[in-house]
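Visitor: my_file-v6.pdb is the file, holding PDB, C-alpha atoms:
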```pdb
ATOM      1  CA  MET I1238      -4.654 -78.945 152.315  1.00  0.00           C
ATOM      2  CA  TYR I1239      -2.385 -76.213 151.052  1.00  0.00           C
ATOM      3  CA  PRO I1240      -1.164 -74.065 153.889  1.00  0.00           C
ATOM      4  CA  ILE I1241      -2.563 -70.538 153.836  1.00  0.00           C
ATOM      5  CA  SER I1242       0.987 -69.231 153.568  1.00  0.00           C
ATOM      6  CA  ILE I1243       1.159 -70.495 149.966  1.00  0.00           C
ATOM      7  CA  GLY I1244      -1.764 -68.234 149.083  1.00  0.00           C
ATOM      8  CA  LEU I1245      -4.187 -68.559 146.215  1.00  0.00           C
ATOM      9  CA  ASP I1246      -1.582 -67.328 143.743  1.00  0.00           C
ATOM     10  CA  GLY I1247       0.810 -70.076 144.838  1.00  0.00           C
ATOM     11  CA  ALA I1248      -1.888 -72.731 144.508  1.00  0.00           C
ATOM     12  CA  ILE I1249      -2.796 -71.484 141.036  1.00  0.00           C
ATOM     13  CA  LEU I1250       0.877 -71.454 140.044  1.00  0.00           C
ATOM     14  CA  ARG I1251       1.190 -75.123 141.092  1.00  0.00           C
ATOM     15  CA  ILE I1252      -1.839 -76.030 138.969  1.00  0.00           C
ATOM     16  CA  GLU I1253      -0.474 -74.118 135.978  1.00  0.00           C
ATOM     17  CA  LYS I1254       2.906 -75.881 136.342  1.00  0.00           C
ATOM     18  CA  LEU I1255       1.166 -79.263 136.328  1.00  0.00           C
ATOM     19  CA  ALA I1256      -0.646 -78.322 133.125  1.00  0.00           C
ATOM     20  CA  GLU I1257       2.523 -76.910 131.539  1.00  0.00           C
ATOM     21  CA  ASN I1258       4.236 -80.236 132.076  1.00  0.00           C
ATOM     22  CA  GLY I1259       1.353 -82.211 130.559  1.00  0.00           C
ATOM     23  CA  HIS I1260      -0.039 -83.547 133.843  1.00  0.00           C
ATOM     24  CA  TYR I1261      -3.622 -82.630 132.949  1.00  0.00           C
ATOM     25  CA  ALA I1262      -5.369 -85.232 135.090  1.00  0.00           C
ATOM     26  CA  GLU I1263      -3.332 -84.171 138.122  1.00  0.00           C
ATOM     27  CA  ALA I1264      -4.085 -80.531 137.308  1.00  0.00           C
ATOM     28  CA  LEU I1265      -7.803 -81.341 137.320  1.00  0.00           C
ATOM     29  CA  LEU I1266      -7.548 -83.125 140.687  1.00  0.00           C
ATOM     30  CA  THR I1267      -5.612 -80.226 142.176  1.00  0.00           C
ATOM     31  CA  THR I1268      -7.993 -77.637 140.726  1.00  0.00           C
ATOM     32  CA  VAL I1269     -11.071 -79.312 142.223  1.00  0.00           C
ATOM     33  CA  PHE I1270      -9.199 -79.684 145.519  1.00  0.00           C
ATOM     34  CA  THR I1271      -8.258 -75.983 145.463  1.00  0.00           C
ATOM     35  CA  TYR I1272     -11.849 -74.977 144.694  1.00  0.00           C
ATOM     36  CA  GLU I1273     -13.089 -77.089 147.588  1.00  0.00           C
ATOM     37  CA  LYS I1274     -10.542 -75.550 149.972  1.00  0.00           C
ATOM     38  CA  THR I1275     -11.459 -72.044 148.819  1.00  0.00           C
ATOM     39  CA  LEU I1276     -15.125 -72.854 149.443  1.00  0.00           C
ATOM     40  CA  LYS I1277     -14.323 -74.351 152.863  1.00  0.00           C
ATOM     41  CA  ARG I1278     -12.410 -71.245 153.916  1.00  0.00           C
ATOM     42  CA  SER I1279     -15.256 -69.091 152.576  1.00  0.00           C
ATOM     43  CA  VAL I1280     -17.911 -70.964 154.556  1.00  0.00           C
ATOM     44  CA  ARG I1281     -15.742 -70.582 157.648  1.00  0.00           C
ATOM     45  CA  ILE I1282     -15.704 -66.803 157.139  1.00  0.00           C
ATOM     46  CA  ALA I1283     -19.508 -66.814 156.852  1.00  0.00           C
ATOM     47  CA  ILE I1284     -19.913 -68.904 160.010  1.00  0.00           C
ATOM     48  CA  LEU I1285     -17.611 -66.633 162.009  1.00  0.00           C
ATOM     49  CA  ALA I1286     -19.418 -63.559 160.639  1.00  0.00           C
ATOM     50  CA  ARG I1287     -22.664 -64.963 162.076  1.00  0.00           C
ATOM     51  CA  GLY I1288     -21.141 -64.872 165.567  1.00  0.00           C
ATOM     52  CA  PHE I1289     -20.027 -68.473 166.059  1.00  0.00           C
ATOM     53  CA  SER I1290     -16.707 -69.283 167.689  1.00  0.00           C
ATOM     54  CA  SER I1291     -13.846 -70.959 165.852  1.00  0.00           C
ATOM     55  CA  ARG I1292     -14.501 -74.214 167.682  1.00  0.00           C
ATOM     56  CA  GLN I1293     -18.162 -74.133 166.717  1.00  0.00           C
ATOM     57  CA  ALA I1294     -17.210 -73.415 163.105  1.00  0.00           C
ATOM     58  CA  ASP I1295     -14.910 -76.443 163.139  1.00  0.00           C
ATOM     59  CA  MET I1296     -17.715 -78.623 164.495  1.00  0.00           C
ATOM     60  CA  LEU I1297     -20.208 -77.347 161.926  1.00  0.00           C
ATOM     61  CA  MET I1298     -17.794 -78.047 159.081  1.00  0.00           C
ATOM     62  CA  LYS I1299     -16.567 -81.378 160.447  1.00  0.00           C
ATOM     63  CA  LYS I1300     -18.055 -83.366 157.569  1.00  0.00           C
ATOM     64  CA  GLY I1301     -16.401 -80.996 155.151  1.00  0.00           C
ATOM     65  CA  GLY I1302     -17.010 -82.592 151.745  1.00  0.00           C
ATOM     66  CA  LEU I1303     -17.914 -80.443 148.768  1.00  0.00           C
ATOM     67  CA  GLN I1304     -21.641 -81.169 148.934  1.00  0.00           C
ATOM     68  CA  SER I1305     -21.864 -80.547 152.676  1.00  0.00           C
ATOM     69  CA  LEU I1306     -20.130 -77.181 152.204  1.00  0.00           C
ATOM     70  CA  ILE I1307     -22.598 -76.285 149.452  1.00  0.00           C
ATOM     71  CA  ASP I1308     -25.433 -77.302 151.804  1.00  0.00           C
ATOM     72  CA  LEU I1309     -24.022 -75.124 154.624  1.00  0.00           C
ATOM     73  CA  TRP I1310     -23.616 -72.055 152.424  1.00  0.00           C
ATOM     74  CA  PRO I1311     -27.214 -70.711 152.471  1.00  0.00           C
ATOM     75  CA  ILE I1312     -27.506 -71.227 156.225  1.00  0.00           C
ATOM     76  CA  PHE I1313     -24.630 -68.850 156.960  1.00  0.00           C
ATOM     77  CA  ASP I1314     -24.548 -66.660 153.839  1.00  0.00           C
ATOM     78  CA  ILE I1315     -24.958 -62.962 154.512  1.00  0.00           C
ATOM     79  CA  ASP I1316     -28.209 -62.908 152.483  1.00  0.00           C
ATOM     80  CA  PHE I1317     -29.116 -66.624 152.888  1.00  0.00           C
ATOM     81  CA  ILE I1318     -28.734 -67.137 149.127  1.00  0.00           C
ATOM     82  CA  PRO I1319     -28.046 -70.702 147.918  1.00  0.00           C
ATOM     83  CA  PHE I1320     -24.517 -71.276 146.661  1.00  0.00           C
ATOM     84  CA  GLU I1321     -25.608 -72.094 143.106  1.00  0.00           C
ATOM     85  CA  ARG I1322     -27.312 -68.700 142.832  1.00  0.00           C
ATOM     86  CA  VAL I1323     -24.274 -66.883 144.218  1.00  0.00           C
ATOM     87  CA  ILE I1324     -21.876 -68.352 141.648  1.00  0.00           C
ATOM     88  CA  GLY I1325     -24.400 -68.799 138.824  1.00  0.00           C
ATOM     89  CA  GLN I1326     -26.063 -71.923 137.479  1.00  0.00           C
ATOM     90  CA  ASN I1327     -23.490 -72.511 134.695  1.00  0.00           C
ATOM     91  CA  SER I1328     -20.599 -72.299 137.143  1.00  0.00           C
ATOM     92  CA  TYR I1329     -22.427 -74.587 139.544  1.00  0.00           C
ATOM     93  CA  GLN I1330     -23.014 -77.220 136.836  1.00  0.00           C
ATOM     94  CA  THR I1331     -19.345 -77.016 135.825  1.00  0.00           C
ATOM     95  CA  LEU I1332     -18.291 -77.497 139.455  1.00  0.00           C
ATOM     96  CA  LYS I1333     -20.538 -80.547 139.815  1.00  0.00           C
ATOM     97  CA  LYS I1334     -19.183 -82.049 136.577  1.00  0.00           C
ATOM     98  CA  ALA I1335     -15.564 -81.401 137.578  1.00  0.00           C
ATOM     99  CA  SER I1336     -16.184 -82.870 141.026  1.00  0.00           C
ATOM    100  CA  LYS I1337     -17.656 -86.018 139.486  1.00  0.00           C
ATOM    101  CA  MET I1338     -14.693 -86.303 137.123  1.00  0.00           C
ATOM    102  CA  ARG I1339     -12.298 -85.935 140.060  1.00  0.00           C
ATOM    103  CA  ASN I1340     -14.110 -88.585 142.098  1.00  0.00           C
ATOM    104  CA  ASP I1341     -14.225 -90.984 139.140  1.00  0.00           C
ATOM    105  CA  LEU I1342     -10.497 -90.508 138.531  1.00  0.00           C
ATOM    106  CA  VAL I1343      -9.585 -90.956 142.186  1.00  0.00           C
ATOM    107  CA  HIS I1344     -11.692 -94.102 142.585  1.00  0.00           C
ATOM    108  CA  GLY I1345     -10.674 -95.519 139.213  1.00  0.00           C
ATOM    109  CA  SER I1346     -14.242 -95.866 137.976  1.00  0.00           C
ATOM    110  CA  SER I1347     -13.676 -93.763 134.828  1.00  0.00           C
ATOM    111  CA  VAL I1348     -10.883 -92.522 132.637  1.00  0.00           C
ATOM    112  CA  PHE I1349     -11.040 -89.222 130.771  1.00  0.00           C
ATOM    113  CA  LYS I1350      -9.147 -87.895 127.785  1.00  0.00           C
ATOM    114  CA  LEU I1351      -6.355 -85.560 128.789  1.00  0.00           C
ATOM    115  CA  ASP I1352      -7.850 -82.778 126.660  1.00  0.00           C
ATOM    116  CA  ALA I1353     -11.081 -82.990 128.672  1.00  0.00           C
ATOM    117  CA  CYS I1354      -9.106 -82.808 131.928  1.00  0.00           C
ATOM    118  CA  ARG I1355      -7.105 -79.831 130.641  1.00  0.00           C
ATOM    119  CA  GLU I1356     -10.217 -77.901 129.566  1.00  0.00           C
ATOM    120  CA  MET I1357     -12.149 -78.622 132.752  1.00  0.00           C
ATOM    121  CA  SER I1358      -9.169 -77.592 134.859  1.00  0.00           C
ATOM    122  CA  LYS I1359      -8.800 -74.336 132.934  1.00  0.00           C
ATOM    123  CA  ILE I1360     -12.501 -73.473 133.285  1.00  0.00           C
ATOM    124  CA  LEU I1361     -12.583 -74.325 136.992  1.00  0.00           C
ATOM    125  CA  LEU I1362      -9.414 -72.327 137.616  1.00  0.00           C
ATOM    126  CA  SER I1363     -11.133 -69.167 136.397  1.00  0.00           C
ATOM    127  CA  GLN I1364     -14.136 -70.036 138.589  1.00  0.00           C
ATOM    128  CA  ILE I1365     -11.870 -70.268 141.639  1.00  0.00           C
ATOM    129  CA  LYS I1366     -10.763 -66.701 140.947  1.00  0.00           C
ATOM    130  CA  ASP I1367     -14.422 -65.681 140.561  1.00  0.00           C
ATOM    131  CA  LEU I1368     -15.383 -67.327 143.872  1.00  0.00           C
ATOM    132  CA  HIS I1369     -12.447 -65.608 145.547  1.00  0.00           C
ATOM    133  CA  SER I1370     -13.667 -62.218 144.291  1.00  0.00           C
ATOM    134  CA  ILE I1371     -17.267 -62.965 145.302  1.00  0.00           C
ATOM    135  CA  VAL I1372     -16.248 -63.825 148.879  1.00  0.00           C
ATOM    136  CA  ILE I1373     -14.100 -60.717 149.219  1.00  0.00           C
ATOM    137  CA  GLY I1374     -16.988 -58.631 147.894  1.00  0.00           C
ATOM    138  CA  ARG I1375     -19.614 -60.219 150.167  1.00  0.00           C
ATOM    139  CA  TYR I1376     -17.575 -60.494 153.388  1.00  0.00           C
ATOM    140  CA  GLY I1377     -14.670 -58.100 152.971  1.00  0.00           C
ATOM    141  CA  ARG I1378     -12.231 -60.876 153.853  1.00  0.00           C
ATOM    142  CA  ASP I1379      -9.879 -62.960 151.781  1.00  0.00           C
ATOM    143  CA  PRO I1380     -10.515 -66.695 152.313  1.00  0.00           C
ATOM    144  CA  TRP I1381      -6.815 -67.338 151.605  1.00  0.00           C
ATOM    145  CA  SER I1382      -5.604 -65.097 154.409  1.00  0.00           C
ATOM    146  CA  LYS I1383      -5.225 -66.073 158.038  1.00  0.00           C
ATOM    147  CA  ILE I1384      -8.676 -66.107 159.587  1.00  0.00           C
ATOM    148  CA  HIS I1385      -8.633 -65.201 163.251  1.00  0.00           C
ATOM    149  CA  GLY I1386     -11.739 -66.554 164.886  1.00  0.00           C
ATOM    150  CA  LYS I1387     -12.953 -65.986 168.375  1.00  0.00           C
ATOM    151  CA  ARG I1388     -12.907 -68.214 171.400  1.00  0.00           C
ATOM    152  CA  ASN I1389     -16.378 -67.344 172.618  1.00  0.00           C
ATOM    153  CA  ALA I1390     -19.512 -67.200 170.534  1.00  0.00           C
ATOM    154  CA  SER I1391     -21.278 -63.872 170.403  1.00  0.00           C
ATOM    155  CA  LEU I1392     -24.687 -64.999 169.223  1.00  0.00           C
ATOM    156  CA  PRO I1393     -27.584 -62.795 170.297  1.00  0.00           C
ATOM    157  CA  TRP I1394     -30.529 -64.483 172.020  1.00  0.00           C
ATOM    158  CA  THR I1395     -33.863 -63.948 170.367  1.00  0.00           C
ATOM    159  CA  SER I1396     -37.158 -64.037 172.195  1.00  0.00           C
TER     160      SER I1396
END
```
What does the file become when written as structure tokens?
Guide:
Amino acid sequence: MYPISIGLDGAILRIEKLAENGHYAEALLTTVFTYEKTLKRSVRIAILARGFSSRQADMLMKKGGLQSLIDLWPIFDIDFIPFERVIGQNSYQTLKKASKMRNDLVHGSSVFKLDACREMSKILLSQIKDLHSIVIGRYGRDPWSKIHGKRNASLPWTS
């Protein structure tokens, strides 16, 4: 995982440098990875906003793959809206396609033309920026900044 100190701008710069040098498949892998890390940090913000402690947030996100993060989103979202509705159906379908391409490349089960990798990376890169803006708008916190959690949960008991 990129350290938070690199920031989103630093991560995007690394992806753009990969693409500039013709490493389109690597740019796609890194873009999907960066999207997943942005989503993971965003879900963590939502969990902490619900009153859970940092340790509890870590336990809830232990599985941590892309699909499990998408599944966690509506549970902790401020309005309980499913992730695909928050980002839009077209963006969601693009994310799923890019994730499948990344997994196929990593496991060697498919090969893609470099132009397809370049285009998918470019589209997903703009969606990372969109997700970043959405999270800041919904939670007032930047997922790429240091997130200070709490040691003790402050969940209210309901009767």
Visitor: So what does the PyMOL selection byres ((chain I and resi 1361-1375) around 8) actually pick up in this one, as a list of chain:residue names?
Guide: I:Ile1249, I:Thr1268, I:Val1269, I:Thr1271, I:Tyr1272, I:Thr1275, I:Leu1276, I:Ser1279, I:Ile1315, I:Ile1324, I:Ser1328, I:Thr1331, I:Leu1332, I:Ala1335, I:Met1357, I:Ser1358, I:Lys1359, I:Ile1360, I:Tyr1376, I:Gly1377, I:Arg1378, I:Asp1379, I:Pro1380
Visitor: Let me see the file: selected residues, C-alpha atoms, as a PDB file, in the coordinates of the input.
Guide:
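Produced file again.pdb, reproduced below:
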```pdb
ATOM      1  CA  ILE I1249      -2.796 -71.484 141.036  1.00  0.00           C
ATOM      2  CA  THR I1268      -7.993 -77.637 140.726  1.00  0.00           C
ATOM      3  CA  VAL I1269     -11.071 -79.312 142.223  1.00  0.00           C
ATOM      4  CA  THR I1271      -8.258 -75.983 145.463  1.00  0.00           C
ATOM      5  CA  TYR I1272     -11.849 -74.977 144.694  1.00  0.00           C
ATOM      6  CA  THR I1275     -11.459 -72.044 148.819  1.00  0.00           C
ATOM      7  CA  LEU I1276     -15.125 -72.854 149.443  1.00  0.00           C
ATOM      8  CA  SER I1279     -15.256 -69.091 152.576  1.00  0.00           C
ATOM      9  CA  ILE I1315     -24.958 -62.962 154.512  1.00  0.00           C
ATOM     10  CA  ILE I1324     -21.876 -68.352 141.648  1.00  0.00           C
ATOM     11  CA  SER I1328     -20.599 -72.299 137.143  1.00  0.00           C
ATOM     12  CA  THR I1331     -19.345 -77.016 135.825  1.00  0.00           C
ATOM     13  CA  LEU I1332     -18.291 -77.497 139.455  1.00  0.00           C
ATOM     14  CA  ALA I1335     -15.564 -81.401 137.578  1.00  0.00           C
ATOM     15  CA  MET I1357     -12.149 -78.622 132.752  1.00  0.00           C
ATOM     16  CA  SER I1358      -9.169 -77.592 134.859  1.00  0.00           C
ATOM     17  CA  LYS I1359      -8.800 -74.336 132.934  1.00  0.00           C
ATOM     18  CA  ILE I1360     -12.501 -73.473 133.285  1.00  0.00           C
ATOM     19  CA  TYR I1376     -17.575 -60.494 153.388  1.00  0.00           C
ATOM     20  CA  GLY I1377     -14.670 -58.100 152.971  1.00  0.00           C
ATOM     21  CA  ARG I1378     -12.231 -60.876 153.853  1.00  0.00           C
ATOM     22  CA  ASP I1379      -9.879 -62.960 151.781  1.00  0.00           C
ATOM     23  CA  PRO I1380     -10.515 -66.695 152.313  1.00  0.00           C
TER      24      PRO I1380
END
```
Visitor: For this structure, which residues satisfy the selection - the PyMOL selection byres ((chain I and resi 1287-1292) around 7) - when it is evaluated on the file as given? I want them as a PyMOL selection string.
Guide: chain I and resi 1283-1286+1293-1296+1313+1386-1392
Visitor: Under the rule that only C-alpha atoms are counted, which of I:Lys1277, I:Tyr1261, I:Lys1334, I:Gly1325 is the nearest residue to Ile1307 (chain I)?
Guide: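 Smallest distance to Ile1307 (chain I) is found for I:Lys1277.
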Visitor: Counting all atoms listed in the file, which of I:Arg1355, I:Arg1322, I:His1344, I:Lys1350 gets nearest to Thr1267 (chain I)?
Guide: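 The shortest atom-to-atom distance to Thr1267 (chain I) comes from I:Arg1355.
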Visitor: Nearest residue to Asp1352 (chain I) out of I:Arg1281, I:Lys1337, I:Lys1254, I:His1260, using only C-alpha atoms?
Guide: I:His1260
